[in-house]
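Here is target-v3.cif, consisting of mmCIF, N, CA and C atoms:
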data_target
loop_
_atom_site.label_atom_id
_atom_site.label_comp_id
_atom_site.auth_asym_id
_atom_site.auth_seq_id
_atom_site.Cartn_x
_atom_site.Cartn_y
_atom_site.Cartn_z
N LYS A 1 -56.28 -22.84 -22.01
CA LYS A 1 -57.70 -23.03 -22.24
C LYS A 1 -58.31 -23.94 -21.18
N SER A 2 -57.56 -24.92 -20.72
CA SER A 2 -58.06 -25.86 -19.71
C SER A 2 -57.80 -25.38 -18.29
N GLY A 3 -57.17 -24.22 -18.14
CA GLY A 3 -56.96 -23.66 -16.82
C GLY A 3 -55.67 -24.05 -16.14
N TYR A 4 -54.74 -24.64 -16.87
CA TYR A 4 -53.47 -25.05 -16.27
C TYR A 4 -52.52 -23.86 -16.15
N ALA A 5 -51.63 -23.94 -15.16
CA ALA A 5 -50.69 -22.85 -14.91
C ALA A 5 -49.40 -22.99 -15.69
N GLU A 6 -49.10 -24.17 -16.21
CA GLU A 6 -47.84 -24.43 -16.89
C GLU A 6 -48.04 -25.50 -17.95
N SER A 7 -47.10 -25.57 -18.87
CA SER A 7 -47.13 -26.58 -19.93
C SER A 7 -45.86 -27.41 -19.87
N ILE A 8 -45.98 -28.66 -20.25
CA ILE A 8 -44.83 -29.54 -20.40
C ILE A 8 -44.67 -29.78 -21.89
N LEU A 9 -43.48 -29.53 -22.40
CA LEU A 9 -43.22 -29.69 -23.82
C LEU A 9 -42.61 -31.06 -24.08
N LEU A 10 -42.94 -31.62 -25.23
CA LEU A 10 -42.40 -32.91 -25.64
C LEU A 10 -41.42 -32.70 -26.78
N ASP A 11 -40.44 -33.60 -26.89
CA ASP A 11 -39.49 -33.52 -28.00
C ASP A 11 -40.13 -34.12 -29.26
N PRO A 12 -39.46 -34.07 -30.41
CA PRO A 12 -40.05 -34.59 -31.64
C PRO A 12 -40.41 -36.08 -31.59
N ASP A 13 -39.80 -36.83 -30.66
CA ASP A 13 -40.11 -38.25 -30.52
C ASP A 13 -41.20 -38.52 -29.50
N GLY A 14 -41.74 -37.48 -28.88
CA GLY A 14 -42.82 -37.65 -27.91
C GLY A 14 -42.38 -37.81 -26.47
N TYR A 15 -41.09 -37.64 -26.19
CA TYR A 15 -40.59 -37.73 -24.82
C TYR A 15 -40.64 -36.35 -24.16
N VAL A 16 -40.71 -36.34 -22.83
CA VAL A 16 -40.73 -35.08 -22.09
C VAL A 16 -39.45 -34.32 -22.36
N SER A 17 -39.61 -33.05 -22.69
CA SER A 17 -38.46 -32.19 -22.94
C SER A 17 -38.26 -31.27 -21.74
N GLU A 18 -39.11 -30.26 -21.61
CA GLU A 18 -39.00 -29.29 -20.52
C GLU A 18 -40.30 -28.53 -20.39
N GLY A 19 -40.37 -27.63 -19.39
CA GLY A 19 -41.51 -26.74 -19.25
C GLY A 19 -41.29 -25.53 -20.16
N THR A 20 -42.15 -24.54 -20.04
CA THR A 20 -42.02 -23.36 -20.89
C THR A 20 -40.80 -22.52 -20.51
N GLY A 21 -40.33 -22.68 -19.29
CA GLY A 21 -39.13 -21.96 -18.85
C GLY A 21 -38.41 -22.72 -17.75
N GLU A 22 -38.66 -24.02 -17.67
CA GLU A 22 -38.11 -24.82 -16.59
C GLU A 22 -37.65 -26.18 -17.09
N ASN A 23 -36.75 -26.78 -16.32
CA ASN A 23 -36.36 -28.17 -16.54
C ASN A 23 -37.25 -29.04 -15.67
N VAL A 24 -37.44 -30.29 -16.09
CA VAL A 24 -38.35 -31.22 -15.42
C VAL A 24 -37.54 -32.31 -14.72
N PHE A 25 -37.94 -32.62 -13.49
CA PHE A 25 -37.40 -33.74 -12.74
C PHE A 25 -38.56 -34.62 -12.28
N ILE A 26 -38.35 -35.93 -12.27
CA ILE A 26 -39.30 -36.84 -11.66
C ILE A 26 -38.55 -37.71 -10.66
N VAL A 27 -39.28 -38.22 -9.70
CA VAL A 27 -38.74 -39.18 -8.74
C VAL A 27 -39.59 -40.43 -8.84
N SER A 28 -38.94 -41.55 -9.14
CA SER A 28 -39.62 -42.84 -9.21
C SER A 28 -38.81 -43.86 -8.44
N LYS A 29 -39.45 -44.44 -7.43
CA LYS A 29 -38.80 -45.47 -6.60
C LYS A 29 -37.46 -44.99 -6.05
N GLY A 30 -37.42 -43.74 -5.62
CA GLY A 30 -36.23 -43.18 -4.99
C GLY A 30 -35.15 -42.70 -5.95
N ILE A 31 -35.39 -42.83 -7.24
CA ILE A 31 -34.41 -42.40 -8.24
C ILE A 31 -34.87 -41.09 -8.87
N LEU A 32 -34.00 -40.10 -8.85
CA LEU A 32 -34.26 -38.80 -9.45
C LEU A 32 -33.88 -38.88 -10.92
N LYS A 33 -34.80 -38.46 -11.79
CA LYS A 33 -34.56 -38.51 -13.23
C LYS A 33 -34.82 -37.15 -13.85
N THR A 34 -34.01 -36.81 -14.83
CA THR A 34 -34.21 -35.59 -15.60
C THR A 34 -33.81 -35.86 -17.04
N THR A 35 -34.40 -35.12 -17.92
CA THR A 35 -34.14 -35.27 -19.35
C THR A 35 -32.68 -34.93 -19.67
N PRO A 36 -32.01 -35.73 -20.49
CA PRO A 36 -30.64 -35.38 -20.88
C PRO A 36 -30.62 -34.14 -21.76
N LEU A 37 -29.44 -33.61 -21.98
CA LEU A 37 -29.30 -32.35 -22.73
C LEU A 37 -29.54 -32.49 -24.23
N THR A 38 -30.07 -33.59 -24.67
CA THR A 38 -30.32 -33.78 -26.11
C THR A 38 -31.46 -32.92 -26.64
N SER A 39 -32.43 -32.57 -25.78
CA SER A 39 -33.59 -31.82 -26.27
C SER A 39 -33.99 -30.67 -25.36
N ILE A 40 -33.09 -30.26 -24.48
CA ILE A 40 -33.42 -29.20 -23.52
C ILE A 40 -32.30 -28.19 -23.44
N LEU A 41 -32.62 -27.05 -22.86
CA LEU A 41 -31.59 -26.07 -22.55
C LEU A 41 -30.93 -26.47 -21.24
N GLU A 42 -29.63 -26.24 -21.15
CA GLU A 42 -28.89 -26.59 -19.94
C GLU A 42 -29.15 -25.53 -18.89
N GLY A 43 -29.98 -25.86 -17.92
CA GLY A 43 -30.36 -24.90 -16.90
C GLY A 43 -29.35 -24.83 -15.76
N ILE A 44 -29.09 -23.62 -15.30
CA ILE A 44 -28.20 -23.41 -14.17
C ILE A 44 -28.80 -24.02 -12.91
N THR A 45 -30.09 -23.80 -12.70
CA THR A 45 -30.76 -24.36 -11.52
C THR A 45 -30.81 -25.87 -11.62
N ARG A 46 -31.05 -26.40 -12.80
CA ARG A 46 -31.03 -27.86 -13.02
C ARG A 46 -29.68 -28.42 -12.59
N ASN A 47 -28.61 -27.79 -13.05
CA ASN A 47 -27.28 -28.24 -12.70
C ASN A 47 -27.04 -28.15 -11.19
N SER A 48 -27.51 -27.10 -10.58
CA SER A 48 -27.35 -26.93 -9.13
C SER A 48 -28.06 -28.04 -8.37
N ILE A 49 -29.29 -28.35 -8.77
CA ILE A 49 -30.05 -29.41 -8.10
C ILE A 49 -29.37 -30.77 -8.32
N MET A 50 -28.81 -30.99 -9.48
CA MET A 50 -28.10 -32.25 -9.73
C MET A 50 -26.89 -32.36 -8.80
N GLN A 51 -26.17 -31.26 -8.59
CA GLN A 51 -25.02 -31.28 -7.69
C GLN A 51 -25.44 -31.51 -6.24
N VAL A 52 -26.52 -30.87 -5.83
CA VAL A 52 -27.02 -31.05 -4.46
C VAL A 52 -27.49 -32.50 -4.27
N ALA A 53 -28.20 -33.05 -5.25
CA ALA A 53 -28.66 -34.44 -5.16
C ALA A 53 -27.48 -35.39 -5.03
N LYS A 54 -26.45 -35.15 -5.80
CA LYS A 54 -25.25 -35.99 -5.73
C LYS A 54 -24.63 -35.91 -4.33
N ALA A 55 -24.54 -34.70 -3.78
CA ALA A 55 -23.98 -34.51 -2.44
C ALA A 55 -24.81 -35.21 -1.37
N LYS A 56 -26.13 -35.32 -1.61
CA LYS A 56 -27.03 -35.97 -0.66
C LYS A 56 -27.16 -37.48 -0.94
N ASN A 57 -26.38 -37.97 -1.89
CA ASN A 57 -26.42 -39.40 -2.28
C ASN A 57 -27.79 -39.85 -2.77
N ILE A 58 -28.48 -38.94 -3.45
CA ILE A 58 -29.76 -39.30 -4.08
C ILE A 58 -29.42 -39.84 -5.47
N PRO A 59 -29.82 -41.07 -5.77
CA PRO A 59 -29.53 -41.62 -7.10
C PRO A 59 -30.13 -40.73 -8.18
N LEU A 60 -29.33 -40.43 -9.20
CA LEU A 60 -29.74 -39.51 -10.26
C LEU A 60 -29.35 -40.08 -11.61
N VAL A 61 -30.29 -40.05 -12.55
CA VAL A 61 -30.00 -40.46 -13.92
C VAL A 61 -30.57 -39.42 -14.87
N GLU A 62 -29.85 -39.22 -15.96
CA GLU A 62 -30.36 -38.40 -17.06
C GLU A 62 -30.83 -39.37 -18.12
N GLU A 63 -32.14 -39.42 -18.32
CA GLU A 63 -32.68 -40.31 -19.34
C GLU A 63 -34.02 -39.76 -19.83
N ARG A 64 -34.35 -40.15 -21.02
CA ARG A 64 -35.62 -39.73 -21.60
C ARG A 64 -36.75 -40.48 -20.91
N PHE A 65 -37.88 -39.80 -20.74
CA PHE A 65 -39.07 -40.45 -20.17
C PHE A 65 -40.31 -39.84 -20.80
N THR A 66 -41.38 -40.58 -20.74
CA THR A 66 -42.63 -40.16 -21.37
C THR A 66 -43.51 -39.39 -20.38
N ARG A 67 -44.53 -38.79 -20.92
CA ARG A 67 -45.52 -38.11 -20.08
C ARG A 67 -46.17 -39.13 -19.14
N ASP A 68 -46.36 -40.36 -19.62
CA ASP A 68 -46.94 -41.41 -18.77
C ASP A 68 -46.07 -41.66 -17.54
N ALA A 69 -44.74 -41.58 -17.69
CA ALA A 69 -43.84 -41.77 -16.55
C ALA A 69 -44.07 -40.68 -15.51
N MET A 70 -44.44 -39.50 -15.96
CA MET A 70 -44.75 -38.43 -15.02
C MET A 70 -46.04 -38.74 -14.26
N TYR A 71 -47.03 -39.32 -14.95
CA TYR A 71 -48.30 -39.67 -14.31
C TYR A 71 -48.10 -40.62 -13.14
N VAL A 72 -47.20 -41.58 -13.29
CA VAL A 72 -47.01 -42.61 -12.28
C VAL A 72 -45.82 -42.34 -11.37
N ALA A 73 -45.15 -41.20 -11.54
CA ALA A 73 -44.01 -40.85 -10.70
C ALA A 73 -44.47 -40.60 -9.26
N ASP A 74 -43.56 -40.81 -8.34
CA ASP A 74 -43.83 -40.52 -6.94
C ASP A 74 -43.80 -39.02 -6.68
N GLU A 75 -42.94 -38.32 -7.42
CA GLU A 75 -42.79 -36.88 -7.27
C GLU A 75 -42.40 -36.28 -8.62
N VAL A 76 -42.79 -35.03 -8.83
CA VAL A 76 -42.38 -34.27 -10.01
C VAL A 76 -42.11 -32.85 -9.54
N PHE A 77 -41.03 -32.26 -10.04
CA PHE A 77 -40.79 -30.85 -9.77
C PHE A 77 -40.10 -30.20 -10.96
N LEU A 78 -40.19 -28.88 -11.01
CA LEU A 78 -39.60 -28.08 -12.07
C LEU A 78 -38.49 -27.21 -11.46
N THR A 79 -37.45 -26.95 -12.25
CA THR A 79 -36.40 -26.04 -11.79
C THR A 79 -36.16 -24.97 -12.85
N GLY A 80 -35.80 -23.80 -12.39
CA GLY A 80 -35.48 -22.71 -13.29
C GLY A 80 -35.15 -21.46 -12.51
N THR A 81 -34.62 -20.47 -13.19
CA THR A 81 -34.25 -19.23 -12.54
C THR A 81 -35.44 -18.60 -11.83
N ALA A 82 -36.57 -18.54 -12.50
CA ALA A 82 -37.77 -17.95 -11.89
C ALA A 82 -38.51 -18.98 -11.03
N ALA A 83 -38.57 -20.22 -11.48
CA ALA A 83 -39.30 -21.26 -10.77
C ALA A 83 -38.56 -21.75 -9.53
N GLU A 84 -37.25 -21.57 -9.51
CA GLU A 84 -36.38 -22.11 -8.47
C GLU A 84 -36.60 -23.62 -8.40
N VAL A 85 -37.24 -24.14 -7.35
CA VAL A 85 -37.59 -25.56 -7.27
C VAL A 85 -39.07 -25.60 -6.93
N THR A 86 -39.89 -25.92 -7.93
CA THR A 86 -41.34 -25.87 -7.77
C THR A 86 -41.95 -27.26 -7.89
N PRO A 87 -42.56 -27.77 -6.81
CA PRO A 87 -43.22 -29.07 -6.87
C PRO A 87 -44.43 -29.03 -7.81
N VAL A 88 -44.70 -30.16 -8.44
CA VAL A 88 -45.89 -30.32 -9.28
C VAL A 88 -46.80 -31.30 -8.56
N ARG A 89 -48.03 -30.88 -8.29
CA ARG A 89 -48.92 -31.77 -7.55
C ARG A 89 -49.88 -32.54 -8.44
N GLU A 90 -50.09 -32.05 -9.66
CA GLU A 90 -50.93 -32.80 -10.59
C GLU A 90 -50.54 -32.49 -12.02
N LEU A 91 -50.87 -33.42 -12.90
CA LEU A 91 -50.58 -33.28 -14.32
C LEU A 91 -51.76 -33.84 -15.08
N ASP A 92 -52.34 -33.06 -15.96
CA ASP A 92 -53.52 -33.49 -16.73
C ASP A 92 -54.62 -34.02 -15.82
N ASP A 93 -54.89 -33.31 -14.74
CA ASP A 93 -55.92 -33.67 -13.75
C ASP A 93 -55.65 -34.98 -13.02
N ARG A 94 -54.40 -35.43 -13.03
CA ARG A 94 -54.00 -36.64 -12.30
C ARG A 94 -53.05 -36.21 -11.18
N ALA A 95 -53.33 -36.64 -9.96
CA ALA A 95 -52.45 -36.33 -8.84
C ALA A 95 -51.11 -37.03 -9.03
N ILE A 96 -50.04 -36.31 -8.72
CA ILE A 96 -48.70 -36.90 -8.72
C ILE A 96 -48.45 -37.43 -7.31
N GLY A 97 -48.13 -38.71 -7.20
CA GLY A 97 -47.91 -39.30 -5.88
C GLY A 97 -49.11 -39.08 -5.00
N GLU A 98 -48.88 -38.48 -3.84
CA GLU A 98 -49.96 -38.19 -2.90
C GLU A 98 -50.60 -36.82 -3.13
N GLY A 99 -50.23 -36.17 -4.24
CA GLY A 99 -50.81 -34.87 -4.55
C GLY A 99 -50.22 -33.72 -3.76
N LYS A 100 -49.04 -33.94 -3.18
CA LYS A 100 -48.34 -32.90 -2.44
C LYS A 100 -46.85 -33.14 -2.61
N PRO A 101 -46.02 -32.13 -2.30
CA PRO A 101 -44.58 -32.32 -2.47
C PRO A 101 -44.07 -33.53 -1.68
N GLY A 102 -43.26 -34.33 -2.35
CA GLY A 102 -42.70 -35.52 -1.72
C GLY A 102 -41.42 -35.22 -0.97
N PRO A 103 -40.88 -36.22 -0.27
CA PRO A 103 -39.70 -35.99 0.58
C PRO A 103 -38.44 -35.60 -0.17
N ILE A 104 -38.20 -36.13 -1.34
CA ILE A 104 -36.99 -35.76 -2.09
C ILE A 104 -37.12 -34.34 -2.61
N THR A 105 -38.29 -34.02 -3.14
CA THR A 105 -38.53 -32.65 -3.61
C THR A 105 -38.37 -31.67 -2.46
N GLN A 106 -38.96 -31.97 -1.31
CA GLN A 106 -38.88 -31.08 -0.16
C GLN A 106 -37.43 -30.90 0.31
N ALA A 107 -36.68 -31.99 0.35
CA ALA A 107 -35.28 -31.91 0.80
C ALA A 107 -34.45 -31.06 -0.15
N LEU A 108 -34.61 -31.29 -1.46
CA LEU A 108 -33.83 -30.52 -2.44
C LEU A 108 -34.25 -29.05 -2.44
N GLN A 109 -35.56 -28.80 -2.33
CA GLN A 109 -36.05 -27.43 -2.29
C GLN A 109 -35.52 -26.71 -1.05
N SER A 110 -35.57 -27.37 0.10
CA SER A 110 -35.07 -26.77 1.34
C SER A 110 -33.58 -26.46 1.24
N ASP A 111 -32.80 -27.42 0.74
CA ASP A 111 -31.36 -27.19 0.58
C ASP A 111 -31.09 -26.05 -0.39
N PHE A 112 -31.84 -26.00 -1.49
CA PHE A 112 -31.65 -24.95 -2.48
C PHE A 112 -31.88 -23.58 -1.86
N PHE A 113 -32.96 -23.43 -1.09
CA PHE A 113 -33.25 -22.14 -0.48
C PHE A 113 -32.20 -21.76 0.56
N LYS A 114 -31.68 -22.72 1.29
CA LYS A 114 -30.60 -22.43 2.24
C LYS A 114 -29.36 -21.94 1.49
N ILE A 115 -29.07 -22.57 0.37
CA ILE A 115 -27.90 -22.19 -0.42
C ILE A 115 -28.04 -20.77 -0.94
N VAL A 116 -29.18 -20.45 -1.56
CA VAL A 116 -29.33 -19.12 -2.16
C VAL A 116 -29.43 -18.01 -1.12
N ARG A 117 -29.81 -18.36 0.11
CA ARG A 117 -29.85 -17.37 1.19
C ARG A 117 -28.49 -17.26 1.90
N GLY A 118 -27.51 -18.06 1.46
CA GLY A 118 -26.18 -18.01 2.06
C GLY A 118 -26.09 -18.72 3.40
N GLU A 119 -27.02 -19.63 3.67
CA GLU A 119 -27.06 -20.33 4.95
C GLU A 119 -26.32 -21.66 4.93
N ASP A 120 -25.75 -22.05 3.81
CA ASP A 120 -25.01 -23.30 3.72
C ASP A 120 -23.58 -22.99 3.28
N PRO A 121 -22.64 -22.98 4.21
CA PRO A 121 -21.27 -22.61 3.87
C PRO A 121 -20.61 -23.53 2.84
N ALA A 122 -21.10 -24.74 2.70
CA ALA A 122 -20.52 -25.67 1.73
C ALA A 122 -20.68 -25.15 0.29
N TYR A 123 -21.65 -24.27 0.07
CA TYR A 123 -21.92 -23.76 -1.27
C TYR A 123 -21.66 -22.25 -1.36
N ALA A 124 -20.89 -21.70 -0.44
CA ALA A 124 -20.62 -20.26 -0.43
C ALA A 124 -19.98 -19.78 -1.74
N ASN A 125 -19.21 -20.66 -2.39
CA ASN A 125 -18.56 -20.27 -3.65
C ASN A 125 -19.56 -20.11 -4.80
N TRP A 126 -20.81 -20.52 -4.61
CA TRP A 126 -21.84 -20.32 -5.63
C TRP A 126 -22.38 -18.89 -5.61
N LEU A 127 -22.11 -18.17 -4.56
CA LEU A 127 -22.74 -16.86 -4.34
C LEU A 127 -21.73 -15.73 -4.56
N THR A 128 -22.27 -14.60 -4.97
CA THR A 128 -21.48 -13.38 -5.08
C THR A 128 -22.15 -12.34 -4.18
N PRO A 129 -21.55 -12.07 -3.03
CA PRO A 129 -22.15 -11.08 -2.13
C PRO A 129 -22.22 -9.70 -2.80
N VAL A 130 -23.33 -9.02 -2.60
CA VAL A 130 -23.50 -7.67 -3.13
C VAL A 130 -23.90 -6.72 -2.03
#
Translate the structure described by the file into structure tokens.
Amino acid sequence: KSGYAESILLDPDGYVSEGTGENVFIVSKGILKTTPLTSILEGITRNSIMQVAKAKNIPLVEERFTRDAMYVADEVFLTGTAAEVTPVRELDDRAIGEGKPGPITQALQSDFFKIVRGEDPAYANWLTPV
């Protein structure tokens, strides 16, 4: 009704759960955060991004966070089979960070696309050639 392209769902306690078909990640002060598996579906793409972040030595925590934490985050992105790695530039008419994809989001998105195109031999075992 308000013209948004996606929704963020909250768990019964009011914490961020997930998108309508995606997992949610935020970056605050260089730390990548995602909701723990207590209120979300375990996404394959979510797991892949967590593994890539670990390989890149990006600090990662699974913890609950509020919608307000998304408002003040430096970066927000969604992951999913269809969404792949999609940056979020605004939430509830509030710009996220500088209103454009941030450096951690860009790095993870770039690595993800290289992996799925078979351009990163370190992750060749993730692919099934057809």
Per residue of stretch 71-128 of chain A within 6 Å of stretch 7-28 of chain A, record the nearest atom pair and its distance in Å to one decimal, counting only N, CA and C atoms, with rows in chain order and ascending residue number, as a tab-separated table.
residue	atom	partner	partner_atom	distance
A:Ala73	CA	A:Val27	C	4.8
A:Asp74	N	A:Val27	C	4.0
A:Glu75	C	A:Val27	N	3.8
A:Val76	CA	A:Ile26	CA	4.3
A:Phe77	N	A:Phe25	C	4.1
A:Leu78	CA	A:Asn23	C	4.4
A:Thr79	C	A:Asn23	N	4.0
A:Gly80	CA	A:Glu22	CA	4.7
Take the residues just selected and output them with N, CA and C atoms as a compact mmCIF listing (two decimals), in the coordinates of the input.
# COMPACT_ATOMS: atom_id res chain seq x y z
N ALA A 73 -45.15 -41.20 -11.54
CA ALA A 73 -44.01 -40.85 -10.70
C ALA A 73 -44.47 -40.60 -9.26
N ASP A 74 -43.56 -40.81 -8.34
CA ASP A 74 -43.83 -40.52 -6.94
C ASP A 74 -43.80 -39.02 -6.68
N GLU A 75 -42.94 -38.32 -7.42
CA GLU A 75 -42.79 -36.88 -7.27
C GLU A 75 -42.40 -36.28 -8.62
N VAL A 76 -42.79 -35.03 -8.83
CA VAL A 76 -42.38 -34.27 -10.01
C VAL A 76 -42.11 -32.85 -9.54
N PHE A 77 -41.03 -32.26 -10.04
CA PHE A 77 -40.79 -30.85 -9.77
C PHE A 77 -40.10 -30.20 -10.96
N LEU A 78 -40.19 -28.88 -11.01
CA LEU A 78 -39.60 -28.08 -12.07
C LEU A 78 -38.49 -27.21 -11.46
N THR A 79 -37.45 -26.95 -12.25
CA THR A 79 -36.40 -26.04 -11.79
C THR A 79 -36.16 -24.97 -12.85
N GLY A 80 -35.80 -23.80 -12.39
CA GLY A 80 -35.48 -22.71 -13.29
C GLY A 80 -35.15 -21.46 -12.51
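The coordinates place atom CA of A:Thr66 at 14.7 Å from atom CA of A:Thr38.
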Just say which residues the PyMOL selection byres ((chain A and resi 85-88) around 7) picks in this file, as a ChimeraX atom specification. /A:75-80,82-84,89-91,96,99-102,105,108-109
Give me, please, the distance in Å between atom N of A:Arg64 and atom N of A:Gly43, quoted to one decimal.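 These two atoms are separated by 15.3 Å.
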List the residues selected by the PyMOL selection byres (((chain A and resi 33 and name CA) around 6) and name CA) in the file shown, writing them as an MDAnalysis selection string. chainID A and resid 25:26 32 34 60:62
Between A:Ile31, A:Ile40, A:Ala124, A:Val52, single out the one closest to A:Asp111, counting all atoms listed in the file. A:Val52
Check the smallest atom-to-atom distance from each of A:Phe112, A:Lys29, A:Arg117, A:Pro129 to A:Ile49 using only N, CA and C atoms, then report the winner.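 Selected residue with least distance to A:Ile49: A:Phe112.
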In Å, with one decimal, what is the gap from atom N of A:Asp92 to atom N of A:Glu42?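 Interatomic distance here is 24.3 Å.
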Run DSSP on the backbone and tell me which residues of chain A come out as alpha helix (DSSP H); list them as a short mmCIF file (atom, residue, chain, number, x, y, z; two decimals) with N, CA and C atoms, keeping the file's coordinate frame.
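Contents of selection28.cif, as written:
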data_model
loop_
_atom_site.label_atom_id
_atom_site.label_comp_id
_atom_site.auth_asym_id
_atom_site.auth_seq_id
_atom_site.Cartn_x
_atom_site.Cartn_y
_atom_site.Cartn_z
N ILE A 44 -29.09 -23.62 -15.30
CA ILE A 44 -28.20 -23.41 -14.17
C ILE A 44 -28.80 -24.02 -12.91
N THR A 45 -30.09 -23.80 -12.70
CA THR A 45 -30.76 -24.36 -11.52
C THR A 45 -30.81 -25.87 -11.62
N ARG A 46 -31.05 -26.40 -12.80
CA ARG A 46 -31.03 -27.86 -13.02
C ARG A 46 -29.68 -28.42 -12.59
N ASN A 47 -28.61 -27.79 -13.05
CA ASN A 47 -27.28 -28.24 -12.70
C ASN A 47 -27.04 -28.15 -11.19
N SER A 48 -27.51 -27.10 -10.58
CA SER A 48 -27.35 -26.93 -9.13
C SER A 48 -28.06 -28.04 -8.37
N ILE A 49 -29.29 -28.35 -8.77
CA ILE A 49 -30.05 -29.41 -8.10
C ILE A 49 -29.37 -30.77 -8.32
N MET A 50 -28.81 -30.99 -9.48
CA MET A 50 -28.10 -32.25 -9.73
C MET A 50 -26.89 -32.36 -8.80
N GLN A 51 -26.17 -31.26 -8.59
CA GLN A 51 -25.02 -31.28 -7.69
C GLN A 51 -25.44 -31.51 -6.24
N VAL A 52 -26.52 -30.87 -5.83
CA VAL A 52 -27.02 -31.05 -4.46
C VAL A 52 -27.49 -32.50 -4.27
N ALA A 53 -28.20 -33.05 -5.25
CA ALA A 53 -28.66 -34.44 -5.16
C ALA A 53 -27.48 -35.39 -5.03
N LYS A 54 -26.45 -35.15 -5.80
CA LYS A 54 -25.25 -35.99 -5.73
C LYS A 54 -24.63 -35.91 -4.33
N ALA A 55 -24.54 -34.70 -3.78
CA ALA A 55 -23.98 -34.51 -2.44
C ALA A 55 -24.81 -35.21 -1.37
N ARG A 67 -44.53 -38.79 -20.92
CA ARG A 67 -45.52 -38.11 -20.08
C ARG A 67 -46.17 -39.13 -19.14
N ASP A 68 -46.36 -40.36 -19.62
CA ASP A 68 -46.94 -41.41 -18.77
C ASP A 68 -46.07 -41.66 -17.54
N ALA A 69 -44.74 -41.58 -17.69
CA ALA A 69 -43.84 -41.77 -16.55
C ALA A 69 -44.07 -40.68 -15.51
N MET A 70 -44.44 -39.50 -15.96
CA MET A 70 -44.75 -38.43 -15.02
C MET A 70 -46.04 -38.74 -14.26
N TYR A 71 -47.03 -39.32 -14.95
CA TYR A 71 -48.30 -39.67 -14.31
C TYR A 71 -48.10 -40.62 -13.14
N PRO A 103 -40.88 -36.22 -0.27
CA PRO A 103 -39.70 -35.99 0.58
C PRO A 103 -38.44 -35.60 -0.17
N ILE A 104 -38.20 -36.13 -1.34
CA ILE A 104 -36.99 -35.76 -2.09
C ILE A 104 -37.12 -34.34 -2.61
N THR A 105 -38.29 -34.02 -3.14
CA THR A 105 -38.53 -32.65 -3.61
C THR A 105 -38.37 -31.67 -2.46
N GLN A 106 -38.96 -31.97 -1.31
CA GLN A 106 -38.88 -31.08 -0.16
C GLN A 106 -37.43 -30.90 0.31
N ALA A 107 -36.68 -31.99 0.35
CA ALA A 107 -35.28 -31.91 0.80
C ALA A 107 -34.45 -31.06 -0.15
N LEU A 108 -34.61 -31.29 -1.46
CA LEU A 108 -33.83 -30.52 -2.44
C LEU A 108 -34.25 -29.05 -2.44
N GLN A 109 -35.56 -28.80 -2.33
CA GLN A 109 -36.05 -27.43 -2.29
C GLN A 109 -35.52 -26.71 -1.05
N SER A 110 -35.57 -27.37 0.10
CA SER A 110 -35.07 -26.77 1.34
C SER A 110 -33.58 -26.46 1.24
N ASP A 111 -32.80 -27.42 0.74
CA ASP A 111 -31.36 -27.19 0.58
C ASP A 111 -31.09 -26.05 -0.39
N PHE A 112 -31.84 -26.00 -1.49
CA PHE A 112 -31.65 -24.95 -2.48
C PHE A 112 -31.88 -23.58 -1.86
N PHE A 113 -32.96 -23.43 -1.09
CA PHE A 113 -33.25 -22.14 -0.48
C PHE A 113 -32.20 -21.76 0.56
N LYS A 114 -31.68 -22.72 1.29
CA LYS A 114 -30.60 -22.43 2.24
C LYS A 114 -29.36 -21.94 1.49
N ILE A 115 -29.07 -22.57 0.37
CA ILE A 115 -27.90 -22.19 -0.42
C ILE A 115 -28.04 -20.77 -0.94
N VAL A 116 -29.18 -20.45 -1.56
CA VAL A 116 -29.33 -19.12 -2.16
C VAL A 116 -29.43 -18.01 -1.12
#
Enumerate the residues of stretch 79-113 of chain A with a DSSP assignment of strand (DSSP E), computed from the backbone, and present them as an NGL selection string. :A and (79-80 or 84-87 or 90-91 or 94-95)
Pick from A:Phe65, A:Pro59, A:Glu98, A:Pro103, whichever lies nearest to A:Thr35 using only N, CA and C atoms: A:Phe65
Mind telling me what the PyMOL selection byres (((chain A and resi 123 and name CA) around 12) and name CA) catches here, as number ranges by chain? A: 48, 51-52, 55, 111-122, 124-128
